[in-house]
>>> print(open('target_37.pdb').read())   # PDB, C-alpha atoms and all ligand atoms
ATOM      1  CA  MET A 197     105.972  46.757  59.368
ATOM      2  CA  SER A 198     109.328  45.563  58.059
ATOM      3  CA  PHE A 199     110.727  44.220  54.801
ATOM      4  CA  ARG A 200     113.260  41.423  54.545
ATOM      5  CA  TYR A 201     115.520  43.386  52.168
ATOM      6  CA  PHE A 202     115.616  46.313  54.587
ATOM      7  CA  ASP A 203     116.352  43.905  57.488
ATOM      8  CA  ILE A 204     119.356  42.695  55.476
ATOM      9  CA  PHE A 205     120.594  46.254  54.887
ATOM     10  CA  LEU A 206     120.064  47.339  58.511
ATOM     11  CA  ASP A 207     121.917  44.228  59.790
ATOM     12  CA  ALA A 208     124.767  44.960  57.387
ATOM     13  CA  PHE A 209     125.005  48.596  58.568
ATOM     14  CA  ALA A 210     124.953  47.423  62.205
ATOM     15  CA  ARG A 211     127.853  44.997  61.441
ATOM     16  CA  GLY A 212     129.840  47.942  60.082
ATOM     17  CA  ASP A 213     129.638  46.820  56.438
ATOM     18  CA  GLU A 214     130.835  50.064  54.868
ATOM     19  CA  GLU A 215     130.167  49.123  51.259
ATOM     20  CA  SER A 216     126.487  48.390  52.067
ATOM     21  CA  ALA A 217     126.132  51.631  54.016
ATOM     22  CA  GLU A 218     127.686  53.579  51.144
ATOM     23  CA  ALA A 219     125.509  51.900  48.511
ATOM     24  CA  PHE A 220     122.160  51.762  50.338
ATOM     25  CA  GLY A 221     122.516  53.836  53.514
ATOM     26  CA  SER A 222     120.855  56.882  51.985
ATOM     27  CA  THR A 223     118.807  55.823  48.955
ATOM     28  CA  VAL A 224     117.426  52.398  48.058
ATOM     29  CA  HIS A 225     116.572  52.871  44.402
ATOM     30  CA  TRP A 226     118.031  52.257  40.960
ATOM     31  CA  GLY A 227     120.724  54.526  39.565
ATOM     32  CA  TYR A 228     120.474  56.720  36.464
ATOM     33  CA  TRP A 229     123.457  56.732  34.079
ATOM     34  CA  ASP A 230     123.777  59.146  31.140
ATOM     35  CA  ALA A 231     126.204  56.704  29.561
ATOM     36  CA  PRO A 232     125.259  53.243  30.898
ATOM     37  CA  ASP A 233     128.015  51.560  28.864
ATOM     38  CA  ARG A 234     130.533  53.505  30.955
ATOM     39  CA  ALA A 235     129.183  52.289  34.313
ATOM     40  CA  ASP A 236     132.175  50.709  36.059
ATOM     41  CA  GLY A 237     130.442  48.508  38.673
ATOM     42  CA  THR A 238     132.002  50.322  41.632
ATOM     43  CA  THR A 239     130.011  51.441  44.656
ATOM     44  CA  ALA A 240     131.053  55.068  44.106
ATOM     45  CA  ASP A 241     129.705  54.926  40.545
ATOM     46  CA  PHE A 242     126.390  53.403  41.751
ATOM     47  CA  VAL A 243     126.019  56.025  44.498
ATOM     48  CA  SER A 244     126.513  58.871  42.064
ATOM     49  CA  ALA A 245     123.958  57.289  39.677
ATOM     50  CA  ALA A 246     121.466  56.918  42.562
ATOM     51  CA  GLU A 247     121.911  60.600  43.384
ATOM     52  CA  ARG A 248     121.455  61.435  39.704
ATOM     53  CA  MET A 249     118.083  59.603  39.904
ATOM     54  CA  ASN A 250     117.131  61.973  42.735
ATOM     55  CA  VAL A 251     117.968  64.900  40.457
ATOM     56  CA  GLU A 252     115.862  63.453  37.627
ATOM     57  CA  MET A 253     112.881  63.228  40.008
ATOM     58  CA  ILE A 254     113.463  66.739  41.401
ATOM     59  CA  GLU A 255     113.571  68.157  37.866
ATOM     60  CA  LEU A 256     110.510  66.196  36.784
ATOM     61  CA  ALA A 257     108.610  67.609  39.780
ATOM     62  CA  GLY A 258     109.805  71.133  38.865
ATOM     63  CA  LEU A 259     110.604  71.803  42.537
ATOM     64  CA  ALA A 260     111.003  75.438  43.523
ATOM     65  CA  PRO A 261     112.094  77.123  46.785
ATOM     66  CA  GLY A 262     109.441  77.422  49.481
ATOM     67  CA  GLN A 263     107.349  74.409  48.457
ATOM     68  CA  ARG A 264     105.727  71.793  50.697
ATOM     69  CA  VAL A 265     106.912  68.346  49.577
ATOM     70  CA  LEU A 266     105.780  64.898  50.703
ATOM     71  CA  ASP A 267     107.968  61.859  49.912
ATOM     72  CA  VAL A 268     105.879  58.702  50.336
ATOM     73  CA  GLY A 269     107.847  55.492  50.963
ATOM     74  CA  CYS A 270     110.862  57.701  51.730
ATOM     75  CA  GLY A 271     113.260  54.884  52.715
ATOM     76  CA  PHE A 272     116.254  56.307  54.617
ATOM     77  CA  GLY A 273     115.385  59.827  53.435
ATOM     78  CA  GLY A 274     117.939  60.106  50.619
ATOM     79  CA  THR A 275     115.646  61.926  48.179
ATOM     80  CA  LEU A 276     114.589  64.492  50.784
ATOM     81  CA  ALA A 277     118.257  64.850  51.786
ATOM     82  CA  SER A 278     119.059  65.769  48.192
ATOM     83  CA  ILE A 279     116.240  68.363  48.090
ATOM     84  CA  ASN A 280     117.394  69.695  51.474
ATOM     85  CA  ARG A 281     120.890  70.297  50.020
ATOM     86  CA  ARG A 282     119.653  71.907  46.797
ATOM     87  CA  LEU A 283     116.666  74.116  47.701
ATOM     88  CA  ARG A 284     115.762  76.682  50.384
ATOM     89  CA  GLY A 285     112.730  77.327  52.537
ATOM     90  CA  MET A 286     111.187  73.938  51.854
ATOM     91  CA  ASN A 287     108.758  72.105  54.096
ATOM     92  CA  LEU A 288     109.807  68.467  53.656
ATOM     93  CA  VAL A 289     107.914  65.472  55.041
ATOM     94  CA  GLY A 290     108.919  61.815  54.648
ATOM     95  CA  VAL A 291     106.421  59.000  55.183
ATOM     96  CA  ASN A 292     107.215  55.338  55.706
ATOM     97  CA  VAL A 293     105.574  52.279  57.242
ATOM     98  CA  ASP A 294     108.886  51.118  58.727
ATOM     99  CA  GLU A 295     109.838  52.988  61.918
ATOM    100  CA  ARG A 296     113.491  51.838  61.786
ATOM    101  CA  GLN A 297     114.002  53.479  58.398
ATOM    102  CA  LEU A 298     112.536  56.718  59.737
ATOM    103  CA  GLU A 299     114.855  56.572  62.754
ATOM    104  CA  ARG A 300     117.862  56.276  60.467
ATOM    105  CA  ALA A 301     116.545  59.131  58.301
ATOM    106  CA  ALA A 302     116.080  61.388  61.352
ATOM    107  CA  GLU A 303     119.580  60.550  62.569
ATOM    108  CA  HIS A 304     121.325  61.174  59.239
ATOM    109  CA  VAL A 305     119.341  63.960  57.551
ATOM    110  CA  LYS A 306     119.258  67.285  59.409
ATOM    111  CA  PRO A 307     117.441  70.373  58.131
ATOM    112  CA  ALA A 308     119.624  72.908  56.261
ATOM    113  CA  ASN A 309     119.009  75.996  54.076
ATOM    114  CA  ASP A 310     116.060  77.229  56.192
ATOM    115  CA  ASN A 311     114.194  74.007  55.424
ATOM    116  CA  GLU A 312     111.828  72.176  57.763
ATOM    117  CA  LEU A 313     112.043  68.406  57.839
ATOM    118  CA  SER A 314     109.844  65.807  59.527
ATOM    119  CA  TRP A 315     109.350  62.031  59.413
ATOM    120  CA  VAL A 316     105.945  60.420  59.851
ATOM    121  CA  ARG A 317     105.078  56.749  60.227
ATOM    122  CA  ALA A 318     101.987  56.062  58.100
ATOM    123  CA  ASP A 319     100.683  53.890  55.300
ATOM    124  CA  ALA A 320     100.696  55.380  51.800
ATOM    125  CA  CYS A 321      97.035  54.474  51.380
ATOM    126  CA  ASP A 322      95.923  56.274  54.549
ATOM    127  CA  LEU A 323      97.900  59.494  54.960
ATOM    128  CA  PRO A 324      97.380  61.552  58.152
ATOM    129  CA  PHE A 325      97.468  65.050  56.597
ATOM    130  CA  ASP A 326      94.833  67.690  55.844
ATOM    131  CA  ASP A 327      93.400  68.257  52.374
ATOM    132  CA  GLY A 328      95.607  70.480  50.220
ATOM    133  CA  SER A 329      98.642  70.218  52.575
ATOM    134  CA  PHE A 330     101.297  69.775  49.847
ATOM    135  CA  ASP A 331     102.476  71.317  46.565
ATOM    136  CA  VAL A 332     104.371  68.232  45.422
ATOM    137  CA  ILE A 333     104.159  64.524  46.267
ATOM    138  CA  MET A 334     106.993  62.187  45.282
ATOM    139  CA  VAL A 335     107.091  58.394  45.232
ATOM    140  CA  VAL A 336     110.485  56.993  44.317
ATOM    141  CA  GLU A 337     110.430  53.274  43.549
ATOM    142  CA  ALA A 338     107.920  52.534  46.306
ATOM    143  CA  ILE A 339     104.466  52.483  44.698
ATOM    144  CA  CYS A 340     104.825  48.835  43.638
ATOM    145  CA  HIS A 341     104.717  47.998  47.383
ATOM    146  CA  PHE A 342     101.493  49.883  48.137
ATOM    147  CA  ARG A 343      98.360  47.769  48.681
ATOM    148  CA  SER A 344      96.379  49.815  46.152
ATOM    149  CA  ARG A 345      97.628  52.349  43.607
ATOM    150  CA  ALA A 346      94.025  53.558  43.252
ATOM    151  CA  ARG A 347      93.722  54.259  46.963
ATOM    152  CA  PHE A 348      97.124  55.994  47.013
ATOM    153  CA  PHE A 349      96.283  58.215  43.992
ATOM    154  CA  ALA A 350      93.001  59.224  45.687
ATOM    155  CA  GLU A 351      94.945  60.153  48.826
ATOM    156  CA  ALA A 352      97.548  62.066  46.807
ATOM    157  CA  ARG A 353      94.818  64.014  44.997
ATOM    158  CA  ARG A 354      93.206  64.904  48.337
ATOM    159  CA  LEU A 355      96.522  66.244  49.688
ATOM    160  CA  LEU A 356      97.253  68.418  46.619
ATOM    161  CA  SER A 357      95.449  71.570  45.516
ATOM    162  CA  PRO A 358      94.684  72.027  41.793
ATOM    163  CA  GLY A 359      97.994  72.538  39.985
ATOM    164  CA  GLY A 360      99.840  70.369  42.518
ATOM    165  CA  VAL A 361     102.218  67.747  41.147
ATOM    166  CA  LEU A 362     102.627  64.011  41.783
ATOM    167  CA  VAL A 363     105.805  62.338  40.499
ATOM    168  CA  VAL A 364     106.258  58.571  40.497
ATOM    169  CA  SER A 365     109.045  56.219  39.430
ATOM    170  CA  ASP A 366     107.996  52.633  38.822
ATOM    171  CA  PHE A 367     108.699  49.375  36.964
ATOM    172  CA  VAL A 368     106.049  49.326  34.235
ATOM    173  CA  PRO A 369     105.587  46.222  32.055
ATOM    174  CA  SER A 370     104.825  46.658  28.358
ATOM    175  CA  SER A 371     101.437  45.269  27.319
ATOM    176  CA  LEU A 372     103.326  42.343  25.724
ATOM    177  CA  LEU A 373     104.811  41.394  29.065
ATOM    178  CA  THR A 374     101.793  41.884  31.363
ATOM    179  CA  PRO A 375     100.302  38.358  30.866
ATOM    180  CA  GLY A 376     103.828  36.869  31.193
ATOM    181  CA  MET A 377     104.424  38.821  34.418
ATOM    182  CA  ARG A 378     101.206  37.442  35.871
ATOM    183  CA  SER A 379     102.179  33.826  35.209
ATOM    184  CA  TRP A 380     105.777  34.450  36.344
ATOM    185  CA  TYR A 381     104.247  35.706  39.581
ATOM    186  CA  ARG A 382     102.410  32.450  40.081
ATOM    187  CA  THR A 383     105.776  30.659  40.235
ATOM    188  CA  MET A 384     108.179  33.312  41.607
ATOM    189  CA  GLY A 385     105.689  35.460  43.527
ATOM    190  CA  LEU A 386     106.231  33.811  46.881
ATOM    191  CA  ALA A 387     110.025  34.161  46.764
ATOM    192  CA  PHE A 388     109.592  37.737  45.566
ATOM    193  CA  GLU A 389     107.230  38.622  48.407
ATOM    194  CA  ARG A 390     109.383  36.904  51.036
ATOM    195  CA  HIS A 391     112.240  39.249  50.179
ATOM    196  CA  TYR A 392     110.481  42.427  49.065
ATOM    197  CA  GLY A 393     107.093  42.264  50.847
ATOM    198  CA  HIS A 394     103.971  42.976  48.814
ATOM    199  CA  VAL A 395     105.025  43.873  45.244
ATOM    200  CA  ASP A 396     102.915  44.422  42.138
ATOM    201  CA  VAL A 397     104.838  45.119  38.939
ATOM    202  CA  THR A 398     101.977  44.277  36.587
ATOM    203  CA  TYR A 399     100.597  47.837  36.322
ATOM    204  CA  GLY A 400     100.915  49.115  32.742
ATOM    205  CA  ILE A 401     101.162  52.650  31.362
ATOM    206  CA  ARG A 402      97.532  52.517  30.207
ATOM    207  CA  ASP A 403      96.509  51.540  33.740
ATOM    208  CA  TYR A 404      98.332  54.641  35.016
ATOM    209  CA  ARG A 405      96.664  56.921  32.446
ATOM    210  CA  ALA A 406      93.200  55.578  33.305
ATOM    211  CA  LEU A 407      93.905  55.818  37.037
ATOM    212  CA  ALA A 408      95.035  59.450  36.665
ATOM    213  CA  ARG A 409      91.807  60.334  34.820
ATOM    214  CA  ARG A 410      89.643  58.569  37.409
ATOM    215  CA  THR A 411      91.292  60.247  40.397
ATOM    216  CA  GLY A 412      91.470  63.876  39.201
ATOM    217  CA  PHE A 413      94.944  64.069  37.635
ATOM    218  CA  LEU A 414      96.264  64.950  34.189
ATOM    219  CA  SER A 415      99.061  62.684  32.981
ATOM    220  CA  ARG A 416     101.841  65.211  32.170
ATOM    221  CA  ARG A 417     105.134  63.437  31.422
ATOM    222  CA  GLU A 418     106.158  59.832  30.825
ATOM    223  CA  HIS A 419     109.925  59.257  30.565
ATOM    224  CA  ASP A 420     111.166  55.793  29.730
ATOM    225  CA  VAL A 421     114.616  55.724  31.373
ATOM    226  CA  THR A 422     115.067  51.935  31.318
ATOM    227  CA  LEU A 423     118.363  52.048  29.408
ATOM    228  CA  ASN A 424     119.755  54.606  31.848
ATOM    229  CA  THR A 425     119.063  52.282  34.790
ATOM    230  CA  LEU A 426     120.321  48.927  33.440
ATOM    231  CA  PRO A 427     123.713  48.829  35.262
ATOM    232  CA  SER A 428     121.765  48.763  38.561
ATOM    233  CA  TYR A 429     120.949  45.069  38.081
ATOM    234  CA  ALA A 430     124.522  43.782  37.936
ATOM    235  CA  PHE A 431     125.580  46.046  40.796
ATOM    236  CA  THR A 432     122.778  44.968  43.169
ATOM    237  CA  ARG A 433     123.267  41.306  42.197
ATOM    238  CA  ARG A 434     126.946  41.521  43.163
ATOM    239  CA  LEU A 435     126.129  43.177  46.480
ATOM    240  CA  MET A 436     123.388  40.667  47.356
ATOM    241  CA  TRP A 437     125.883  37.771  47.212
ATOM    242  CA  ARG A 438     127.885  39.443  50.039
ATOM    243  CA  TYR A 439     125.098  38.848  52.531
ATOM    244  CA  GLN A 440     125.484  35.058  52.643
ATOM    245  CA  LEU A 441     121.735  34.473  52.670
ATOM    246  CA  PRO A 442     120.391  30.898  52.900
ATOM    247  CA  ALA A 443     121.114  29.235  49.548
ATOM    248  CA  GLY A 444     117.447  29.012  48.444
ATOM    249  CA  GLU A 445     116.854  32.687  49.136
ATOM    250  CA  ALA A 446     120.100  33.801  47.493
ATOM    251  CA  ILE A 447     119.338  31.799  44.345
ATOM    252  CA  ALA A 448     115.731  33.064  44.212
ATOM    253  CA  ASN A 449     116.924  36.680  44.544
ATOM    254  CA  ASP A 450     119.528  36.194  41.881
ATOM    255  CA  SER A 451     116.919  34.686  39.509
ATOM    256  CA  ILE A 452     114.475  37.543  40.128
ATOM    257  CA  ASN A 453     117.208  40.090  39.430
ATOM    258  CA  ARG A 454     118.287  38.272  36.228
ATOM    259  CA  ALA A 455     114.688  37.933  35.000
ATOM    260  CA  MET A 456     114.033  41.647  35.546
ATOM    261  CA  ALA A 457     117.339  42.576  33.886
ATOM    262  CA  TRP A 458     116.526  40.325  30.898
ATOM    263  CA  ALA A 459     113.037  41.832  30.464
ATOM    264  CA  SER A 460     114.348  45.390  30.935
ATOM    265  CA  ALA A 461     117.126  45.000  28.367
ATOM    266  CA  ARG A 462     114.456  43.953  25.817
ATOM    267  CA  GLY A 463     112.074  46.825  26.573
ATOM    268  CA  LEU A 464     109.511  44.461  28.079
ATOM    269  CA  LEU A 465     109.827  45.868  31.583
ATOM    270  CA  ARG A 466     110.319  49.623  31.590
ATOM    271  CA  TYR A 467     111.607  51.912  34.280
ATOM    272  CA  MET A 468     109.308  54.928  33.981
ATOM    273  CA  LEU A 469     109.414  58.391  35.525
ATOM    274  CA  MET A 470     105.903  59.857  35.409
ATOM    275  CA  SER A 471     104.374  63.156  36.438
ATOM    276  CA  PHE A 472     100.722  63.994  37.031
ATOM    277  CA  GLU A 473      99.067  67.344  37.644
ATOM    278  CA  ALA A 474      96.100  67.692  40.019
ATOM    279  CA  VAL A 475      93.119  69.258  38.215
TER     280      VAL A 475
HETATM  281  C1  LIG B   1     112.675  50.514  47.226
HETATM  282  S1  LIG B   1     112.354  51.398  48.699
HETATM  283  C2  LIG B   1     112.506  53.075  48.118
HETATM  284  C3  LIG B   1     112.890  54.003  49.238
HETATM  285  C4  LIG B   1     113.089  55.468  48.863
HETATM  286  N1  LIG B   1     111.961  56.018  48.147
HETATM  287  C5  LIG B   1     114.339  55.666  48.058
HETATM  288  O1  LIG B   1     114.221  55.977  46.875
HETATM  289  O2  LIG B   1     115.431  55.511  48.629
HETATM  290  C6  LIG B   1     110.606  51.240  48.997
HETATM  291  C7  LIG B   1     110.129  51.980  50.229
HETATM  292  O3  LIG B   1     108.698  51.954  50.322
HETATM  293  C8  LIG B   1     108.350  51.823  51.682
HETATM  294  N2  LIG B   1     106.949  51.346  51.754
HETATM  295  C9  LIG B   1     106.508  50.126  51.376
HETATM  296  N3  LIG B   1     105.174  50.016  51.565
HETATM  297  C10 LIG B   1     104.751  51.212  52.055
HETATM  298  C11 LIG B   1     103.485  51.725  52.428
HETATM  299  N4  LIG B   1     102.387  50.982  52.324
HETATM  300  N5  LIG B   1     103.412  52.991  52.884
HETATM  301  C12 LIG B   1     104.540  53.750  52.991
HETATM  302  N6  LIG B   1     105.770  53.310  52.634
HETATM  303  C13 LIG B   1     105.891  52.067  52.174
HETATM  304  C14 LIG B   1     109.380  50.846  52.209
HETATM  305  O4  LIG B   1     109.440  50.804  53.616
HETATM  306  C15 LIG B   1     110.640  51.429  51.546
HETATM  307  O5  LIG B   1     111.141  52.479  52.309
END
>>> encode(input="target_37.pdb", output="structure tokens", more="lines below")
Ligand SMILES: C[S@@+](CC[C@H](N)C(=O)[O-])C[C@H]1O[C@@H](n2cnc3c(N)ncnc32)[C@H](O)[C@@H]1O
Amino acid sequence: MSFRYFDIFLDAFARGDEESAEAFGSTVHWGYWDAPDRADGTTADFVSAAERMNVEMIELAGLAPGQRVLDVGCGFGGTLASINRRLRGMNLVGVNVDERQLERAAEHVKPANDNELSWVRADACDLPFDDGSFDVIMVVEAICHFRSRARFFAEARRLLSPGGVLVVSDFVPSSLLTPGMRSWYRTMGLAFERHYGHVDVTYGIRDYRALARRTGFLSRREHDVTLNTLPSYAFTRRLMWRYQLPAGEAIANDSINRAMAWASARGLLRYMLMSFEAV
């Protein structure tokens, strides 16, 4: 399976586009800025904010040496690369549906610090691992692509023993926005899906809490970090114009980005970091 936005990145890397490789060659997620008003729009600033997002997720998961960690929807492996640099004796597994992303991850991320590292092609909703195989499962900005959050949570619960931790970052609409998101989807959904594949950003915080209860998790932490991520929109919008996409696609992407930025700046669309404990 492939995604148009990843095709664009992989083509850019293959052409030797260094700015794209620096910005998205390791992680493909929003940045986290302590002081968003001081974001300077440079690629170096975005890359350090994207790495800071890794650190936020690592801290939220409470990772400790020697743990078994699964990163579902691992992209080019940037989050596992960060864990690999910071912690020892880890068993790290990245899962993705897109073989080409896994190939890049395997080429660029090599085990260090007595860690084991492997890359597995699989769908998030049907994971080929034994019950209780992991201590921590991470999903960084990927769950909105999965066919069913319910199916994924059930799989995650199966793979964790009691006390195991699931951490998720996601775009979560406020209850005010949810009906608006659904009608926006009716008009922009096709353009959205053409570029990003299947995406569902209509899942609210109450949906997450109910899902956690139904699937054997306790909802532990909910961090709204929307304000810390806002500079990501202008940065990614600038980079997207470099790719000289067909005019209709470029304009649709730009409108999607602006609509999400507008809703995020008003607290209608939140960027949430959430943790759940298996019970
Ligand atoms: C926005 S990217 C995030 C990548 C990575 N987590 C990161 O932070 O750099 C979304 C990722 O989810 C992956 N993905 C989408 N649907 C998936 C599925 N059903 N199962 C596994 N991975 C999936 C995509 O291939 C892509 O790597």
>>> resolve_selection(input="target_37.pdb", expression="the PyMOL selection byres (((not hetatm)) within 8 of (chain B and resi 1))", output="PDB file with C-alpha atoms, keeping the file's coordinate frame")
ATOM      1  CA  MET A 197     105.972  46.757  59.368  1.00  0.00           C
ATOM      2  CA  SER A 198     109.328  45.563  58.059  1.00  0.00           C
ATOM      3  CA  PHE A 199     110.727  44.220  54.801  1.00  0.00           C
ATOM      4  CA  PHE A 202     115.616  46.313  54.587  1.00  0.00           C
ATOM      5  CA  PHE A 220     122.160  51.762  50.338  1.00  0.00           C
ATOM      6  CA  SER A 222     120.855  56.882  51.985  1.00  0.00           C
ATOM      7  CA  THR A 223     118.807  55.823  48.955  1.00  0.00           C
ATOM      8  CA  VAL A 224     117.426  52.398  48.058  1.00  0.00           C
ATOM      9  CA  HIS A 225     116.572  52.871  44.402  1.00  0.00           C
ATOM     10  CA  TRP A 226     118.031  52.257  40.960  1.00  0.00           C
ATOM     11  CA  ASN A 250     117.131  61.973  42.735  1.00  0.00           C
ATOM     12  CA  ASP A 267     107.968  61.859  49.912  1.00  0.00           C
ATOM     13  CA  VAL A 268     105.879  58.702  50.336  1.00  0.00           C
ATOM     14  CA  GLY A 269     107.847  55.492  50.963  1.00  0.00           C
ATOM     15  CA  CYS A 270     110.862  57.701  51.730  1.00  0.00           C
ATOM     16  CA  GLY A 271     113.260  54.884  52.715  1.00  0.00           C
ATOM     17  CA  PHE A 272     116.254  56.307  54.617  1.00  0.00           C
ATOM     18  CA  GLY A 273     115.385  59.827  53.435  1.00  0.00           C
ATOM     19  CA  GLY A 274     117.939  60.106  50.619  1.00  0.00           C
ATOM     20  CA  THR A 275     115.646  61.926  48.179  1.00  0.00           C
ATOM     21  CA  VAL A 291     106.421  59.000  55.183  1.00  0.00           C
ATOM     22  CA  ASN A 292     107.215  55.338  55.706  1.00  0.00           C
ATOM     23  CA  VAL A 293     105.574  52.279  57.242  1.00  0.00           C
ATOM     24  CA  ASP A 294     108.886  51.118  58.727  1.00  0.00           C
ATOM     25  CA  GLN A 297     114.002  53.479  58.398  1.00  0.00           C
ATOM     26  CA  ARG A 317     105.078  56.749  60.227  1.00  0.00           C
ATOM     27  CA  ALA A 318     101.987  56.062  58.100  1.00  0.00           C
ATOM     28  CA  ASP A 319     100.683  53.890  55.300  1.00  0.00           C
ATOM     29  CA  ALA A 320     100.696  55.380  51.800  1.00  0.00           C
ATOM     30  CA  CYS A 321      97.035  54.474  51.380  1.00  0.00           C
ATOM     31  CA  VAL A 335     107.091  58.394  45.232  1.00  0.00           C
ATOM     32  CA  VAL A 336     110.485  56.993  44.317  1.00  0.00           C
ATOM     33  CA  GLU A 337     110.430  53.274  43.549  1.00  0.00           C
ATOM     34  CA  ALA A 338     107.920  52.534  46.306  1.00  0.00           C
ATOM     35  CA  ILE A 339     104.466  52.483  44.698  1.00  0.00           C
ATOM     36  CA  HIS A 341     104.717  47.998  47.383  1.00  0.00           C
ATOM     37  CA  PHE A 342     101.493  49.883  48.137  1.00  0.00           C
ATOM     38  CA  ARG A 343      98.360  47.769  48.681  1.00  0.00           C
ATOM     39  CA  GLY A 393     107.093  42.264  50.847  1.00  0.00           C
ATOM     40  CA  HIS A 394     103.971  42.976  48.814  1.00  0.00           C
TER      41      HIS A 394
END
>>> atom_distance(input="target_37.pdb", atom1="atom CA of A:Gly400", atom2="atom CA of A:Asp233")
27.5 Å
>>> closest_residue(input="target_37.pdb", among="A:Asp203, A:Glu351, A:Asp236, A:Glu295", to="A:Leu323", atoms="all atoms listed in the file")
A:Glu351
>>> atom_distance(input="target_37.pdb", atom1="atom CA of A:Gly328", atom2="atom CA of A:Glu247")
28.9 Å
>>> closest_residue(input="target_37.pdb", among="A:Asp207, A:Asp366, A:Glu215, A:Glu252", to="A:Trp229", atoms="only C-alpha atoms")
A:Glu252
>>> build_atoms(input="target_37.pdb", residues="stretch 311-324 of chain A", atoms="N, CA, C and O atoms", output="PDB file, in the frame of the given file")
ATOM      1  N   ASN A 311     115.240  74.997  55.722  1.00  0.00           N
ATOM      2  CA  ASN A 311     114.194  74.007  55.424  1.00  0.00           C
ATOM      3  C   ASN A 311     113.642  73.410  56.723  1.00  0.00           C
ATOM      4  O   ASN A 311     114.340  73.372  57.738  1.00  0.00           O
ATOM      5  N   GLU A 312     112.388  72.961  56.660  1.00  0.00           N
ATOM      6  CA  GLU A 312     111.828  72.176  57.763  1.00  0.00           C
ATOM      7  C   GLU A 312     111.729  70.738  57.292  1.00  0.00           C
ATOM      8  O   GLU A 312     111.408  70.491  56.123  1.00  0.00           O
ATOM      9  N   LEU A 313     111.971  69.816  58.228  1.00  0.00           N
ATOM     10  CA  LEU A 313     112.043  68.406  57.839  1.00  0.00           C
ATOM     11  C   LEU A 313     111.355  67.569  58.910  1.00  0.00           C
ATOM     12  O   LEU A 313     111.647  67.728  60.097  1.00  0.00           O
ATOM     13  N   SER A 314     110.430  66.700  58.518  1.00  0.00           N
ATOM     14  CA  SER A 314     109.844  65.807  59.527  1.00  0.00           C
ATOM     15  C   SER A 314     109.590  64.428  58.926  1.00  0.00           C
ATOM     16  O   SER A 314     109.498  64.264  57.696  1.00  0.00           O
ATOM     17  N   TRP A 315     109.484  63.444  59.804  1.00  0.00           N
ATOM     18  CA  TRP A 315     109.350  62.031  59.413  1.00  0.00           C
ATOM     19  C   TRP A 315     108.119  61.474  60.094  1.00  0.00           C
ATOM     20  O   TRP A 315     107.970  61.607  61.305  1.00  0.00           O
ATOM     21  N   VAL A 316     107.243  60.858  59.326  1.00  0.00           N
ATOM     22  CA  VAL A 316     105.945  60.420  59.851  1.00  0.00           C
ATOM     23  C   VAL A 316     105.728  58.949  59.501  1.00  0.00           C
ATOM     24  O   VAL A 316     105.871  58.553  58.335  1.00  0.00           O
ATOM     25  N   ARG A 317     105.389  58.151  60.525  1.00  0.00           N
ATOM     26  CA  ARG A 317     105.078  56.749  60.227  1.00  0.00           C
ATOM     27  C   ARG A 317     103.611  56.649  59.816  1.00  0.00           C
ATOM     28  O   ARG A 317     102.713  57.032  60.580  1.00  0.00           O
ATOM     29  N   ALA A 318     103.366  56.197  58.604  1.00  0.00           N
ATOM     30  CA  ALA A 318     101.987  56.062  58.100  1.00  0.00           C
ATOM     31  C   ALA A 318     102.011  55.176  56.868  1.00  0.00           C
ATOM     32  O   ALA A 318     103.065  54.942  56.264  1.00  0.00           O
ATOM     33  N   ASP A 319     100.826  54.691  56.516  1.00  0.00           N
ATOM     34  CA  ASP A 319     100.683  53.890  55.300  1.00  0.00           C
ATOM     35  C   ASP A 319     100.319  54.818  54.142  1.00  0.00           C
ATOM     36  O   ASP A 319      99.504  55.733  54.304  1.00  0.00           O
ATOM     37  N   ALA A 320     100.917  54.548  52.985  1.00  0.00           N
ATOM     38  CA  ALA A 320     100.696  55.380  51.800  1.00  0.00           C
ATOM     39  C   ALA A 320      99.219  55.486  51.418  1.00  0.00           C
ATOM     40  O   ALA A 320      98.811  56.451  50.777  1.00  0.00           O
ATOM     41  N   CYS A 321      98.443  54.480  51.789  1.00  0.00           N
ATOM     42  CA  CYS A 321      97.035  54.474  51.380  1.00  0.00           C
ATOM     43  C   CYS A 321      96.131  55.128  52.421  1.00  0.00           C
ATOM     44  O   CYS A 321      94.903  55.129  52.257  1.00  0.00           O
ATOM     45  N   ASP A 322      96.723  55.652  53.478  1.00  0.00           N
ATOM     46  CA  ASP A 322      95.923  56.274  54.549  1.00  0.00           C
ATOM     47  C   ASP A 322      96.812  57.337  55.201  1.00  0.00           C
ATOM     48  O   ASP A 322      97.414  57.106  56.244  1.00  0.00           O
ATOM     49  N   LEU A 323      96.888  58.501  54.570  1.00  0.00           N
ATOM     50  CA  LEU A 323      97.900  59.494  54.960  1.00  0.00           C
ATOM     51  C   LEU A 323      97.309  60.524  55.931  1.00  0.00           C
ATOM     52  O   LEU A 323      96.261  61.128  55.631  1.00  0.00           O
ATOM     53  N   PRO A 324      97.965  60.736  57.073  1.00  0.00           N
ATOM     54  CA  PRO A 324      97.380  61.552  58.152  1.00  0.00           C
ATOM     55  C   PRO A 324      97.650  63.051  57.987  1.00  0.00           C
ATOM     56  O   PRO A 324      98.222  63.689  58.877  1.00  0.00           O
TER      57      PRO A 324
END
